[in-house]
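Coordinates as given in data-v8.pdb (PDB, C-alpha atoms and all ligand atoms):
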MODEL        1
ATOM      1  CA  MET L   1     -85.986 -52.119 159.112
ATOM      2  CA  LYS L   2     -88.976 -50.055 160.174
ATOM      3  CA  ARG L   3     -87.431 -49.702 163.648
ATOM      4  CA  LEU L   4     -84.140 -48.500 162.186
ATOM      5  CA  LEU L   5     -85.971 -45.935 160.145
ATOM      6  CA  PHE L   6     -87.815 -44.641 163.226
ATOM      7  CA  ALA L   7     -84.522 -44.463 165.158
ATOM      8  CA  ALA L   8     -82.907 -42.488 162.334
ATOM      9  CA  ILE L   9     -85.838 -40.048 162.198
ATOM     10  CA  ALA L  10     -85.781 -39.659 165.987
ATOM     11  CA  ALA L  11     -82.024 -38.962 165.907
ATOM     12  CA  ILE L  12     -82.556 -36.159 163.388
ATOM     13  CA  ALA L  13     -85.645 -34.786 165.169
ATOM     14  CA  ALA L  14     -84.121 -34.770 168.683
ATOM     15  CA  PRO L  15     -81.549 -31.984 168.151
ATOM     16  CA  LEU L  16     -84.224 -29.949 166.364
ATOM     17  CA  ALA L  17     -86.564 -30.341 169.354
ATOM     18  CA  LEU L  18     -83.731 -29.347 171.713
ATOM     19  CA  ALA L  19     -82.938 -26.296 169.631
ATOM     20  CA  ASP L  20     -86.582 -25.275 170.018
ATOM     21  CA  TYR L  21     -86.662 -25.822 173.792
ATOM     22  CA  PRO L  22     -88.691 -24.313 175.302
ATOM     23  CA  ASP L  23     -91.517 -24.069 172.783
ATOM     24  CA  LYS L  24     -94.248 -24.184 175.444
ATOM     25  CA  PRO L  25     -94.439 -22.988 179.076
ATOM     26  CA  VAL L  26     -92.061 -24.597 181.558
ATOM     27  CA  THR L  27     -93.696 -25.493 184.892
ATOM     28  CA  ILE L  28     -91.845 -25.180 188.190
ATOM     29  CA  VAL L  29     -93.555 -27.374 190.781
ATOM     30  CA  VAL L  30     -93.467 -25.798 194.246
ATOM     31  CA  PRO L  31     -94.164 -28.508 196.810
ATOM     32  CA  PHE L  32     -95.912 -26.083 199.192
ATOM     33  CA  ALA L  33     -98.945 -23.797 199.211
ATOM     34  CA  ALA L  34     -99.098 -20.548 197.219
ATOM     35  CA  GLY L  35     -98.047 -17.357 198.974
ATOM     36  CA  GLY L  36     -95.424 -19.027 201.200
ATOM     37  CA  PRO L  37     -91.646 -18.639 201.151
ATOM     38  CA  THR L  38     -90.844 -21.419 198.656
ATOM     39  CA  ASP L  39     -93.587 -20.117 196.390
ATOM     40  CA  LYS L  40     -92.175 -16.577 196.607
ATOM     41  CA  VAL L  41     -88.688 -17.721 195.568
ATOM     42  CA  ALA L  42     -90.185 -19.730 192.693
ATOM     43  CA  ARG L  43     -92.316 -16.861 191.402
ATOM     44  CA  ASP L  44     -89.405 -14.422 191.524
ATOM     45  CA  LEU L  45     -87.159 -16.982 189.838
ATOM     46  CA  ALA L  46     -89.784 -17.752 187.175
ATOM     47  CA  GLU L  47     -89.806 -14.061 186.273
ATOM     48  CA  ALA L  48     -85.994 -13.855 186.216
ATOM     49  CA  LEU L  49     -85.719 -17.029 184.090
ATOM     50  CA  ARG L  50     -88.117 -15.867 181.401
ATOM     51  CA  LYS L  51     -85.559 -13.883 179.356
ATOM     52  CA  PRO L  52     -82.498 -16.146 179.614
ATOM     53  CA  LEU L  53     -84.560 -19.288 179.021
ATOM     54  CA  GLY L  54     -86.503 -17.654 176.197
ATOM     55  CA  GLY L  55     -89.976 -18.802 177.244
ATOM     56  CA  THR L  56     -92.722 -18.566 179.818
ATOM     57  CA  VAL L  57     -92.168 -20.178 183.200
ATOM     58  CA  ILE L  58     -95.185 -20.911 185.378
ATOM     59  CA  VAL L  59     -95.510 -22.107 188.965
ATOM     60  CA  GLU L  60     -97.697 -24.991 190.095
ATOM     61  CA  ASN L  61     -98.292 -25.544 193.824
ATOM     62  CA  VAL L  62     -98.432 -29.179 194.901
ATOM     63  CA  GLY L  63     -98.377 -28.950 198.697
ATOM     64  CA  GLY L  64     -98.532 -31.715 201.301
ATOM     65  CA  ALA L  65     -96.355 -34.133 203.293
ATOM     66  CA  GLY L  66     -93.568 -31.622 203.862
ATOM     67  CA  GLY L  67     -92.925 -31.149 200.148
ATOM     68  CA  THR L  68     -92.540 -34.843 199.314
ATOM     69  CA  LEU L  69     -95.801 -35.011 197.303
ATOM     70  CA  GLY L  70     -94.630 -32.326 194.885
ATOM     71  CA  ALA L  71     -91.158 -33.885 194.668
ATOM     72  CA  ALA L  72     -92.724 -37.287 193.882
ATOM     73  CA  LYS L  73     -94.801 -35.715 191.122
ATOM     74  CA  VAL L  74     -91.699 -34.293 189.441
ATOM     75  CA  ALA L  75     -89.694 -37.514 189.903
ATOM     76  CA  LYS L  76     -92.395 -39.277 187.847
ATOM     77  CA  ALA L  77     -92.948 -36.524 185.260
ATOM     78  CA  THR L  78     -91.875 -36.829 181.611
ATOM     79  CA  PRO L  79     -88.166 -35.921 181.504
ATOM     80  CA  ASP L  80     -88.455 -33.288 178.792
ATOM     81  CA  GLY L  81     -87.502 -30.106 180.647
ATOM     82  CA  TYR L  82     -91.086 -28.863 180.923
ATOM     83  CA  THR L  83     -91.610 -29.985 184.542
ATOM     84  CA  LEU L  84     -89.086 -28.829 187.136
ATOM     85  CA  LEU L  85     -89.002 -28.893 190.931
ATOM     86  CA  LEU L  86     -87.952 -26.138 193.298
ATOM     87  CA  TYR L  87     -87.420 -27.641 196.743
ATOM     88  CA  HIS L  88     -85.552 -26.615 199.849
ATOM     89  CA  ILE L  89     -83.613 -28.380 202.599
ATOM     90  CA  GLY L  90     -86.480 -30.910 202.722
ATOM     91  CA  MET L  91     -84.774 -32.592 199.763
ATOM     92  CA  SER L  92     -82.079 -33.697 202.214
ATOM     93  CA  THR L  93     -84.081 -34.202 205.421
ATOM     94  CA  SER L  94     -86.918 -36.299 203.934
ATOM     95  CA  PRO L  95     -84.802 -39.439 203.368
ATOM     96  CA  ALA L  96     -84.312 -39.660 207.154
ATOM     97  CA  LEU L  97     -87.857 -38.614 208.009
ATOM     98  CA  TYR L  98     -89.771 -41.002 205.745
ATOM     99  CA  ARG L  99     -89.343 -44.748 205.926
ATOM    100  CA  LYS L 100     -90.990 -45.050 202.513
ATOM    101  CA  LEU L 101     -90.137 -42.048 200.396
ATOM    102  CA  PRO L 102     -91.840 -42.416 196.974
ATOM    103  CA  TYR L 103     -88.633 -41.458 195.128
ATOM    104  CA  ASN L 104     -84.886 -41.767 195.480
ATOM    105  CA  THR L 105     -83.458 -38.326 196.248
ATOM    106  CA  LEU L 106     -80.071 -38.905 194.632
ATOM    107  CA  GLU L 107     -81.145 -41.210 191.779
ATOM    108  CA  ASP L 108     -84.446 -39.850 190.462
ATOM    109  CA  PHE L 109     -83.500 -36.250 189.632
ATOM    110  CA  GLU L 110     -81.156 -34.228 187.476
ATOM    111  CA  TYR L 111     -79.577 -31.568 189.697
ATOM    112  CA  LEU L 112     -79.768 -28.171 188.020
ATOM    113  CA  GLY L 113     -78.094 -25.866 190.554
ATOM    114  CA  MET L 114     -78.723 -24.127 193.856
ATOM    115  CA  ILE L 115     -80.610 -20.863 194.168
ATOM    116  CA  ASN L 116     -80.307 -19.222 197.587
ATOM    117  CA  GLU L 117     -79.758 -19.657 201.301
ATOM    118  CA  VAL L 118     -82.333 -18.394 203.771
ATOM    119  CA  PRO L 119     -82.174 -18.048 207.557
ATOM    120  CA  MET L 120     -85.204 -18.695 209.728
ATOM    121  CA  THR L 121     -86.912 -16.877 212.573
ATOM    122  CA  LEU L 122     -88.902 -17.970 215.598
ATOM    123  CA  ILE L 123     -92.209 -16.081 215.669
ATOM    124  CA  GLY L 124     -95.376 -16.159 217.772
ATOM    125  CA  LYS L 125     -99.049 -15.194 217.570
ATOM    126  CA  PRO L 126     -99.706 -11.491 218.173
ATOM    127  CA  THR L 127    -101.572 -12.157 221.432
ATOM    128  CA  LEU L 128     -98.779 -14.267 222.947
ATOM    129  CA  PRO L 129     -98.026 -12.798 226.415
ATOM    130  CA  ALA L 130     -94.274 -12.515 225.721
ATOM    131  CA  SER L 131     -92.359  -9.933 223.724
ATOM    132  CA  ASN L 132     -88.784 -11.146 223.923
ATOM    133  CA  TRP L 133     -86.859 -14.361 224.333
ATOM    134  CA  ALA L 134     -86.629 -14.211 228.169
ATOM    135  CA  GLU L 135     -90.400 -13.725 228.481
ATOM    136  CA  LEU L 136     -91.079 -16.433 225.913
ATOM    137  CA  HIS L 137     -88.809 -18.883 227.713
ATOM    138  CA  LYS L 138     -90.714 -18.297 230.975
ATOM    139  CA  TRP L 139     -94.060 -18.681 229.196
ATOM    140  CA  LEU L 140     -92.935 -21.942 227.553
ATOM    141  CA  GLU L 141     -91.820 -23.373 230.909
ATOM    142  CA  ALA L 142     -95.107 -22.351 232.522
ATOM    143  CA  ASN L 143     -97.289 -23.762 229.746
ATOM    144  CA  LYS L 144     -95.712 -27.160 229.071
ATOM    145  CA  GLY L 145     -98.212 -29.522 227.468
ATOM    146  CA  LYS L 146    -100.412 -26.682 226.163
ATOM    147  CA  ILE L 147     -98.186 -25.116 223.487
ATOM    148  CA  ASN L 148     -98.660 -25.698 219.791
ATOM    149  CA  LEU L 149     -96.288 -25.125 216.928
ATOM    150  CA  ALA L 150     -97.285 -24.758 213.261
ATOM    151  CA  ASN L 151     -95.286 -26.314 210.454
ATOM    152  CA  ALA L 152     -95.577 -27.341 206.801
ATOM    153  CA  GLY L 153     -95.451 -31.085 207.512
ATOM    154  CA  LEU L 154     -92.717 -33.654 208.068
ATOM    155  CA  GLY L 155     -89.849 -32.736 205.766
ATOM    156  CA  ALA L 156     -90.561 -29.010 205.785
ATOM    157  CA  ALA L 157     -87.955 -26.542 206.975
ATOM    158  CA  SER L 158     -90.395 -25.364 209.648
ATOM    159  CA  HIS L 159     -90.641 -28.949 210.846
ATOM    160  CA  LEU L 160     -86.863 -29.371 211.072
ATOM    161  CA  CYS L 161     -86.428 -26.065 212.886
ATOM    162  CA  GLY L 162     -89.325 -26.809 215.277
ATOM    163  CA  LEU L 163     -87.986 -30.288 215.971
ATOM    164  CA  LEU L 164     -84.537 -28.969 216.885
ATOM    165  CA  PHE L 165     -86.127 -26.192 218.939
ATOM    166  CA  GLN L 166     -88.188 -28.625 221.038
ATOM    167  CA  ASN L 167     -85.193 -30.915 221.475
ATOM    168  CA  SER L 168     -82.862 -28.108 222.551
ATOM    169  CA  LEU L 169     -85.417 -26.777 225.039
ATOM    170  CA  LYS L 170     -86.536 -30.245 226.145
ATOM    171  CA  ILE L 171     -90.141 -29.121 225.908
ATOM    172  CA  ASP L 172     -92.597 -31.109 223.765
ATOM    173  CA  MET L 173     -95.117 -29.148 221.750
ATOM    174  CA  GLN L 174     -98.177 -30.163 219.774
ATOM    175  CA  THR L 175     -97.282 -29.712 216.092
ATOM    176  CA  VAL L 176     -99.939 -28.571 213.633
ATOM    177  CA  PRO L 177     -99.094 -29.415 209.977
ATOM    178  CA  TYR L 178    -100.232 -27.308 207.003
ATOM    179  CA  LYS L 179     -99.631 -27.579 203.248
ATOM    180  CA  GLY L 180     -97.212 -24.685 203.525
ATOM    181  CA  THR L 181     -96.382 -21.871 205.891
ATOM    182  CA  ALA L 182     -98.622 -19.382 204.039
ATOM    183  CA  PRO L 183    -101.800 -20.990 205.488
ATOM    184  CA  ALA L 184     -99.918 -21.571 208.761
ATOM    185  CA  MET L 185     -99.105 -17.862 208.915
ATOM    186  CA  ASN L 186    -102.826 -17.025 208.515
ATOM    187  CA  ASP L 187    -103.655 -19.169 211.532
ATOM    188  CA  LEU L 188    -100.786 -17.711 213.526
ATOM    189  CA  LEU L 189    -101.994 -14.180 212.755
ATOM    190  CA  GLY L 190    -105.492 -15.274 213.814
ATOM    191  CA  GLY L 191    -104.148 -16.727 217.074
ATOM    192  CA  GLN L 192    -105.165 -20.343 216.328
ATOM    193  CA  VAL L 193    -101.548 -21.521 216.737
ATOM    194  CA  ASP L 194     -98.913 -20.231 219.163
ATOM    195  CA  LEU L 195     -95.538 -20.450 217.470
ATOM    196  CA  MET L 196     -93.808 -21.094 214.170
ATOM    197  CA  CYS L 197     -90.282 -21.243 212.878
ATOM    198  CA  ASP L 198     -90.175 -20.023 209.282
ATOM    199  CA  GLN L 199     -87.968 -18.542 206.607
ATOM    200  CA  THR L 200     -87.251 -14.806 206.762
ATOM    201  CA  THR L 201     -88.673 -14.622 203.228
ATOM    202  CA  ASN L 202     -92.097 -15.241 204.813
ATOM    203  CA  THR L 203     -91.683 -13.566 208.191
ATOM    204  CA  SER L 204     -89.698 -10.357 207.681
ATOM    205  CA  GLY L 205     -92.691  -8.384 206.328
ATOM    206  CA  GLN L 206     -94.936  -9.471 209.210
ATOM    207  CA  ILE L 207     -92.183  -8.756 211.750
ATOM    208  CA  GLU L 208     -91.527  -5.310 210.292
ATOM    209  CA  ALA L 209     -95.256  -4.515 210.339
ATOM    210  CA  GLY L 210     -95.453  -5.650 213.992
ATOM    211  CA  LYS L 211     -98.128  -8.215 213.123
ATOM    212  CA  VAL L 212     -96.363 -11.155 214.804
ATOM    213  CA  LYS L 213     -94.136 -11.489 217.855
ATOM    214  CA  ALA L 214     -90.523 -12.171 216.825
ATOM    215  CA  PHE L 215     -88.139 -13.802 219.278
ATOM    216  CA  ALA L 216     -84.947 -14.939 217.597
ATOM    217  CA  VAL L 217     -83.107 -15.922 214.444
ATOM    218  CA  THR L 218     -81.932 -19.493 213.926
ATOM    219  CA  THR L 219     -78.430 -18.772 212.607
ATOM    220  CA  THR L 220     -75.376 -18.453 214.855
ATOM    221  CA  LYS L 221     -74.801 -14.896 213.618
ATOM    222  CA  ARG L 222     -77.326 -12.063 213.893
ATOM    223  CA  LEU L 223     -78.767 -10.900 210.561
ATOM    224  CA  THR L 224     -78.029  -7.585 208.902
ATOM    225  CA  THR L 225     -81.430  -7.174 207.204
ATOM    226  CA  PRO L 226     -82.881  -3.911 208.652
ATOM    227  CA  ALA L 227     -86.177  -5.535 209.702
ATOM    228  CA  LEU L 228     -84.404  -8.377 211.521
ATOM    229  CA  LYS L 229     -81.112  -7.072 212.887
ATOM    230  CA  HIS L 230     -82.564  -6.399 216.365
ATOM    231  CA  LEU L 231     -83.311 -10.109 216.891
ATOM    232  CA  PRO L 232     -80.967 -12.231 219.049
ATOM    233  CA  THR L 233     -79.825 -15.636 217.859
ATOM    234  CA  LEU L 234     -81.166 -18.743 219.595
ATOM    235  CA  ASP L 235     -77.532 -19.671 220.187
ATOM    236  CA  GLU L 236     -76.817 -16.508 222.206
ATOM    237  CA  SER L 237     -80.186 -16.931 223.959
ATOM    238  CA  GLY L 238     -79.063 -20.116 225.640
ATOM    239  CA  LEU L 239     -79.710 -22.796 222.994
ATOM    240  CA  LYS L 240     -75.981 -23.289 222.387
ATOM    241  CA  GLY L 241     -75.084 -24.462 218.904
ATOM    242  CA  PHE L 242     -78.572 -23.922 217.456
ATOM    243  CA  ASN L 243     -77.957 -23.284 213.766
ATOM    244  CA  VAL L 244     -80.478 -23.786 210.954
ATOM    245  CA  SER L 245     -80.221 -22.008 207.626
ATOM    246  CA  ILE L 246     -82.046 -23.449 204.674
ATOM    247  CA  TRP L 247     -81.421 -23.430 200.940
ATOM    248  CA  HIS L 248     -83.336 -23.932 197.688
ATOM    249  CA  GLY L 249     -82.327 -25.879 194.587
ATOM    250  CA  LEU L 250     -83.774 -26.635 191.154
ATOM    251  CA  TYR L 251     -84.333 -30.174 189.805
ATOM    252  CA  ALA L 252     -85.599 -31.991 186.699
ATOM    253  CA  PRO L 253     -86.764 -35.606 186.412
ATOM    254  CA  LYS L 254     -83.953 -38.114 185.832
ATOM    255  CA  GLY L 255     -83.345 -38.655 182.123
ATOM    256  CA  THR L 256     -83.965 -35.077 181.024
ATOM    257  CA  PRO L 257     -81.599 -34.628 178.026
ATOM    258  CA  LYS L 258     -78.254 -33.024 178.890
ATOM    259  CA  ALA L 259     -78.689 -30.337 176.230
ATOM    260  CA  VAL L 260     -81.890 -29.277 178.025
ATOM    261  CA  THR L 261     -80.414 -29.379 181.553
ATOM    262  CA  ASP L 262     -77.406 -27.402 180.263
ATOM    263  CA  LYS L 263     -79.740 -24.792 178.821
ATOM    264  CA  ILE L 264     -81.671 -24.538 182.110
ATOM    265  CA  ASN L 265     -78.421 -24.299 184.085
ATOM    266  CA  THR L 266     -77.156 -21.468 181.874
ATOM    267  CA  ALA L 267     -80.493 -19.663 182.265
ATOM    268  CA  LEU L 268     -80.438 -20.222 186.043
ATOM    269  CA  ARG L 269     -76.953 -18.715 186.336
ATOM    270  CA  ALA L 270     -78.130 -15.670 184.373
ATOM    271  CA  ALA L 271     -81.325 -15.345 186.455
ATOM    272  CA  LEU L 272     -79.322 -15.362 189.691
ATOM    273  CA  LYS L 273     -77.325 -12.385 188.379
ATOM    274  CA  ASP L 274     -80.497 -10.409 187.631
ATOM    275  CA  PRO L 275     -80.221  -7.274 189.830
ATOM    276  CA  GLU L 276     -84.002  -7.217 190.418
ATOM    277  CA  PHE L 277     -83.971 -10.821 191.645
ATOM    278  CA  ILE L 278     -80.954 -10.172 193.908
ATOM    279  CA  LYS L 279     -82.587  -7.034 195.342
ATOM    280  CA  ARG L 280     -85.826  -8.861 196.169
ATOM    281  CA  GLU L 281     -83.982 -11.748 197.817
ATOM    282  CA  GLU L 282     -81.749  -9.487 199.903
ATOM    283  CA  ALA L 283     -84.673  -7.425 201.143
ATOM    284  CA  LEU L 284     -86.194 -10.635 202.541
ATOM    285  CA  GLY L 285     -82.990 -11.791 204.246
ATOM    286  CA  ALA L 286     -82.013 -14.403 201.618
ATOM    287  CA  VAL L 287     -78.570 -14.708 200.022
ATOM    288  CA  VAL L 288     -78.301 -15.696 196.348
ATOM    289  CA  VAL L 289     -75.834 -18.523 195.666
ATOM    290  CA  THR L 290     -72.765 -17.500 193.649
ATOM    291  CA  ASP L 291     -70.377 -20.375 194.360
ATOM    292  CA  ALA L 292     -69.582 -23.754 192.749
ATOM    293  CA  ARG L 293     -73.001 -25.138 193.792
ATOM    294  CA  LEU L 294     -74.395 -23.434 190.703
ATOM    295  CA  SER L 295     -73.226 -26.497 188.796
ATOM    296  CA  GLY L 296     -75.426 -29.600 188.822
ATOM    297  CA  ALA L 297     -72.570 -31.811 190.057
ATOM    298  CA  GLU L 298     -71.670 -29.547 192.992
ATOM    299  CA  HIS L 299     -75.346 -29.060 193.845
ATOM    300  CA  LYS L 300     -75.758 -32.835 194.071
ATOM    301  CA  LYS L 301     -72.597 -33.167 196.193
ATOM    302  CA  PHE L 302     -73.945 -30.523 198.559
ATOM    303  CA  VAL L 303     -77.323 -32.271 198.923
ATOM    304  CA  GLU L 304     -75.533 -35.552 199.627
ATOM    305  CA  ALA L 305     -73.495 -33.818 202.358
ATOM    306  CA  GLU L 306     -76.709 -32.344 203.790
ATOM    307  CA  ILE L 307     -78.331 -35.803 203.854
ATOM    308  CA  ASN L 308     -75.325 -37.059 205.828
ATOM    309  CA  LYS L 309     -75.437 -34.034 208.114
ATOM    310  CA  TRP L 310     -79.147 -34.067 208.994
ATOM    311  CA  GLY L 311     -79.832 -37.811 208.926
ATOM    312  CA  PRO L 312     -78.183 -38.595 212.288
ATOM    313  CA  VAL L 313     -79.678 -35.441 213.896
ATOM    314  CA  ILE L 314     -83.197 -36.471 212.818
ATOM    315  CA  LYS L 315     -82.662 -40.089 213.837
ATOM    316  CA  ALA L 316     -81.400 -38.952 217.244
ATOM    317  CA  ALA L 317     -84.580 -36.885 217.601
ATOM    318  CA  GLY L 318     -86.560 -40.053 216.922
ATOM    319  CA  GLN L 319     -88.793 -38.604 214.210
ATOM    320  CA  TYR L 320     -90.044 -40.497 211.192
ATOM    321  CA  ALA L 321     -93.175 -41.335 209.228
ATOM    322  CA  ASP L 322     -94.257 -44.273 207.104
TER     323      ASP L 322
HETATM  324  N1  LIG Y 401     -91.656 -22.518 204.731
HETATM  325  C1  LIG Y 401     -92.232 -23.791 204.521
HETATM  326  C2  LIG Y 401     -91.442 -24.829 205.245
HETATM  327  O1  LIG Y 401     -91.655 -24.910 206.398
HETATM  328  C3  LIG Y 401     -92.545 -24.177 203.143
HETATM  329  C4  LIG Y 401     -93.393 -23.206 202.399
HETATM  330  O2  LIG Y 401     -94.573 -23.028 202.698
HETATM  331  O3  LIG Y 401     -92.855 -22.640 201.485
HETATM  332  O4  LIG Y 401     -90.701 -25.583 204.692
ENDMDL
END
Go ahead and render the structure in this file as structure tokens.
Ligand code: ASP
Amino acid sequence: MKRLLFAAIAAIAAPLALADYPDKPVTIVVPFAAGGPTDKVARDLAEALRKPLGGTVIVENVGGAGGTLGAAKVAKATPDGYTLLLYHIGMSTSPALYRKLPYNTLEDFEYLGMINEVPMTLIGKPTLPASNWAELHKWLEANKGKINLANAGLGAASHLCGLLFQNSLKIDMQTVPYKGTAPAMNDLLGGQVDLMCDQTTNTSGQIEAGKVKAFAVTTTKRLTTPALKHLPTLDESGLKGFNVSIWHGLYAPKGTPKAVTDKINTALRAALKDPEFIKREEALGAVVVTDARLSGAEHKKFVEAEINKWGPVIKAAGQYAD
């Protein structure tokens, strides 16, 4: 009897609680360090979400293990809509990279919609004795065994790009993992590491300011962004078929009520139409998603396709971690 009474009260209270959502700040977990490209997207999105969601959105950085630590934290969080995850292509590469991933990518999350697509660039420390792809290629051949490459850990976009780069060139490099490419960029600027492959959202400013050496873009087409349009593609530079472009999506823990995920999805769609948000993304070389992947179902389908696309590539490269 008592149980029935509690159930009846809960049934009445639940819609009221949903109507009030959000009545406290919503946290977006970024699984990388502050100041990096994923963090930048999240902070811009948090700002754009504030009005349509009707509440404050804050960002929490939980970096480490290529983004899988932050993703694990959200997978285990209370499914009430107050803890969300913003993760990139690592969502789909980690299942192949980790033998024991602490969550199930397709089962442990509610898919809330995609955000943007971002190309990557190959950059080098300012003192690197090469200023274009031909010079870099020569330098790489002459320095085999001594080159190091920064990344944000196994599962990071920088890791995937660096892995494919080494495989295409058939030159092994020493990889140096960081909690995100913001701290990696600091070391690159300081000359402690030689090379990095990172999103244009992190590199375009440094390239434009001439603070790093820029060698190529990772897409098969050259970019139109003013700061980056002079860069050749790796494909045209001799690494035939090289093509990496990453994407970001938003997730909630599995079991988050549908009324809440619907509300977040509606707010996300509105945020992605915010002219300020679009302007900031475009200036950094990113493209805001406007297609069917704005729905949770299509977002999930896309991630599943990406898992199937990258899994065999990663396995062929022989990379994994326990
Ligand atoms: N750009 C990083 C990566 O390699 C992540 C980050 O620091 O945002 O995935």
Nearest residue to L:Phe242 out of L:Ile147, L:Val57, L:Ala130, L:Leu169, using all atoms listed in the file? L:Leu169
Selection result for the PyMOL selection byres (((not hetatm)) within 7 of (chain Y and resi 401)) on this file, as an mmCIF file with C-alpha atoms, in the frame of the given file:
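Output file result08.cif follows:
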data_model
loop_
_atom_site.group_PDB
_atom_site.id
_atom_site.type_symbol
_atom_site.label_atom_id
_atom_site.label_comp_id
_atom_site.auth_asym_id
_atom_site.auth_seq_id
_atom_site.Cartn_x
_atom_site.Cartn_y
_atom_site.Cartn_z
ATOM 1 C CA PHE L 32 -95.912 -26.083 199.192
ATOM 2 C CA ALA L 33 -98.945 -23.797 199.211
ATOM 3 C CA GLY L 36 -95.424 -19.027 201.200
ATOM 4 C CA PRO L 37 -91.646 -18.639 201.151
ATOM 5 C CA THR L 38 -90.844 -21.419 198.656
ATOM 6 C CA ASP L 39 -93.587 -20.117 196.390
ATOM 7 C CA GLY L 66 -93.568 -31.622 203.862
ATOM 8 C CA ASN L 151 -95.286 -26.314 210.454
ATOM 9 C CA ALA L 152 -95.577 -27.341 206.801
ATOM 10 C CA ALA L 156 -90.561 -29.010 205.785
ATOM 11 C CA ALA L 157 -87.955 -26.542 206.975
ATOM 12 C CA SER L 158 -90.395 -25.364 209.648
ATOM 13 C CA HIS L 159 -90.641 -28.949 210.846
ATOM 14 C CA LYS L 179 -99.631 -27.579 203.248
ATOM 15 C CA GLY L 180 -97.212 -24.685 203.525
ATOM 16 C CA THR L 181 -96.382 -21.871 205.891
ATOM 17 C CA ALA L 182 -98.622 -19.382 204.039
ATOM 18 C CA ASP L 198 -90.175 -20.023 209.282
ATOM 19 C CA GLN L 199 -87.968 -18.542 206.607
#
Ranking L:Val62, L:Val176, L:Met120, L:Ile314 by minimum distance to L:Val217 and counting all atoms listed in the file, which one comes first?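 Residue with the minimum atom-to-atom distance to L:Val217: L:Met120.
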Between L:Ile207, L:Ala72, L:Ala48, L:Val288, which one has atoms that come closest to L:Gly249, using only C-alpha atoms? L:Val288
Output of the PyMOL selection byres (((chain L and resi 105) around 8) and not hetatm), listed as a PyMOL selection string: chain L and resi 91-92+95+103-104+106-109
What separation in Å, quoted to one decimal, exists between atom CA of L:Asp20 and atom CA of L:Asn61? 26.5 Å
Using only C-alpha atoms, the residue out of L:Glu306, L:Glu110, L:Asp23, L:Glu282 with shortest distance to L:Thr200 is L:Glu282
Quick one: pull the distance between atom CA of L:Glu117 and atom CA of L:Val287, Å, one decimal. 5.2 Å
Would you pick out the contacts of L:Gly70 at 10 Å or less, using only C-alpha atoms, so that residues sharing its chain but fewer than 4 positions from it are not included, and give the list as a ChimeraX atom specification? /L:29-32,60-66,74-75,85-87
Could you name the residues that touch stretch 254-256 of chain L at 9 Å or less, counting only C-alpha atoms, but leaving out those on the same chain fewer than 2 positions away, as an MDAnalysis selection string? chainID L and resid 75:76 78:81 107:111 251:252 258:261
Just the number, please: distance in Å from atom CA of L:Gln166 to atom CA of L:Lys125, one decimal. 17.6 Å
Closest contacts (stretch 53-171 of chain L/stretch 228-239 of chain L, max 9 Å, only C-alpha atoms) as JSON lines:
{"residue": "L:Thr121", "atom": "CA", "partner": "L:Leu231", "partner_atom": "CA", "distance": 8.8}
{"residue": "L:Leu122", "atom": "CA", "partner": "L:Leu234", "partner_atom": "CA", "distance": 8.7}
{"residue": "L:Asn132", "atom": "CA", "partner": "L:Leu231", "partner_atom": "CA", "distance": 9.0}
{"residue": "L:Trp133", "atom": "CA", "partner": "L:Ser237", "partner_atom": "CA", "distance": 7.2}
{"residue": "L:Ala134", "atom": "CA", "partner": "L:Ser237", "partner_atom": "CA", "distance": 8.2}
{"residue": "L:Phe165", "atom": "CA", "partner": "L:Leu239", "partner_atom": "CA", "distance": 8.3}
{"residue": "L:Ser168", "atom": "CA", "partner": "L:Leu239", "partner_atom": "CA", "distance": 6.2}
{"residue": "L:Leu169", "atom": "CA", "partner": "L:Leu239", "partner_atom": "CA", "distance": 7.3}
Would you export the selected residues with C-alpha atoms as a PDB file, keeping the file's coordinate frame, please?
ATOM      1  CA  THR L 121     -86.912 -16.877 212.573  1.00  0.00           C
ATOM      2  CA  LEU L 122     -88.902 -17.970 215.598  1.00  0.00           C
ATOM      3  CA  ASN L 132     -88.784 -11.146 223.923  1.00  0.00           C
ATOM      4  CA  TRP L 133     -86.859 -14.361 224.333  1.00  0.00           C
ATOM      5  CA  ALA L 134     -86.629 -14.211 228.169  1.00  0.00           C
ATOM      6  CA  PHE L 165     -86.127 -26.192 218.939  1.00  0.00           C
ATOM      7  CA  SER L 168     -82.862 -28.108 222.551  1.00  0.00           C
ATOM      8  CA  LEU L 169     -85.417 -26.777 225.039  1.00  0.00           C
TER       9      LEU L 169
END
Of L:Leu140, L:Leu223, L:Ile264, L:Ala214, the one nearest to L:Val26 when counting all atoms listed in the file is L:Ile264
Just want the 9 Å neighbourhood of L:Asn116, counted on only C-alpha atoms, with same-chain residues fewer than 3 positions away dropped. Output as a list in words.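 Listing them by chain and then by number gives Val41, Ile246, Trp247, His248, Gly249, Leu272, Glu281, Ala286, Val287, Val288, Val289 and Thr290 of chain L.
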Using only C-alpha atoms, which residue out of L:Leu268, L:Gln174, L:His137, L:Pro253 lies closest to L:Ala77?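 Between L:Leu268, L:Gln174, L:His137, L:Pro253, the residue approaching L:Ala77 most closely is L:Pro253.
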Residues picked by the PyMOL selection byres (((chain L and resi 245) around 6) and not hetatm) here, as a list in words?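 Written out, the selection comes to Val118, Pro119, Val244 and Ile246 of chain L.
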Let me know the centre plus edge lengths, in Å and rounded to one decimal, of a box with edges along x, y and z that contains all listed atoms of stretch 179-187 of chain L and is padded by 3 Å on every side, as AutoDock Vina command-line options.
--center_x -100.0 --center_y -22.3 --center_z 207.4 --size_x 13.3 --size_y 16.6 --size_z 14.3
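Around L:Met185, within 9 Å and counting all atoms listed in the file, the residues found are Gly36, Ala150, Gly180, Gly190, Val193, Met196, Asn202 and Thr203 of chain L, once anything fewer than 5 positions away on its own chain is removed.
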